[in-house]
Amino acid sequence: MSVTSPLLSQFKSLTISTPFLHGPSSLSRLSTSSSSITSQKPSPPAFLPPIRAMRSMQGRVVCSTNDKTVSVEVTRLAPHPKYKRRVRKKKKYQAHDPLNQFQVGDYVQLEKSRPISKTKTFVAVPVPPRNQPKVKEEENQELGLPLESLQTS
């Protein structure tokens, strides 16, 4: 026993670091029960950004027959699990329309709100149309001066 005691004291001062352990550890810590190592959980980082769900989406009104409710179809692009090509995914949401102002085919924005009913958690908000022709103004109004051809002498 006298031979092993100097060896044990020599090995206790060694440290081992492996990718399987969280940081360097000493042999004396490894010789204790393994439950003390597994019970220690790594601490989370000091600052974690809050995870927020999707707050707003845009879609097309599909059904507006119900009172104060519209059904909106939202289309998104998602990668195919096998082929990795982007495919269109469609999903229908029920949205609150308090003024019954939307008709089938209108584009609306869905804003997240408190649950209004069992299936309605969005409020429909109008979106201006994307490709609307611009109104042409007369050139003489832009300059603020009347044209010579329009002046009467």
# chains A, B, ... in the order shown; residues from 1 in each chain; ligands from 1

$ residues_around --residues "region 117-128 of chain A" --least-positions-apart "2" --cutoff "8 Å" --atoms "only C-alpha atoms" --output "list in words"
Val70, Tyr93, Gln94, Ala95, His96, Asp97, Tyr107, Val108, Gln109, Leu110, Glu111, Lys112, Ser113, Arg114, Pro115 and Arg130 of chain A

$ closest_residue --among "A:Pro129, A:Thr65, A:Arg55, A:Thr75" --to "Val87 (chain A)" --atoms "only C-alpha atoms"
A:Thr75
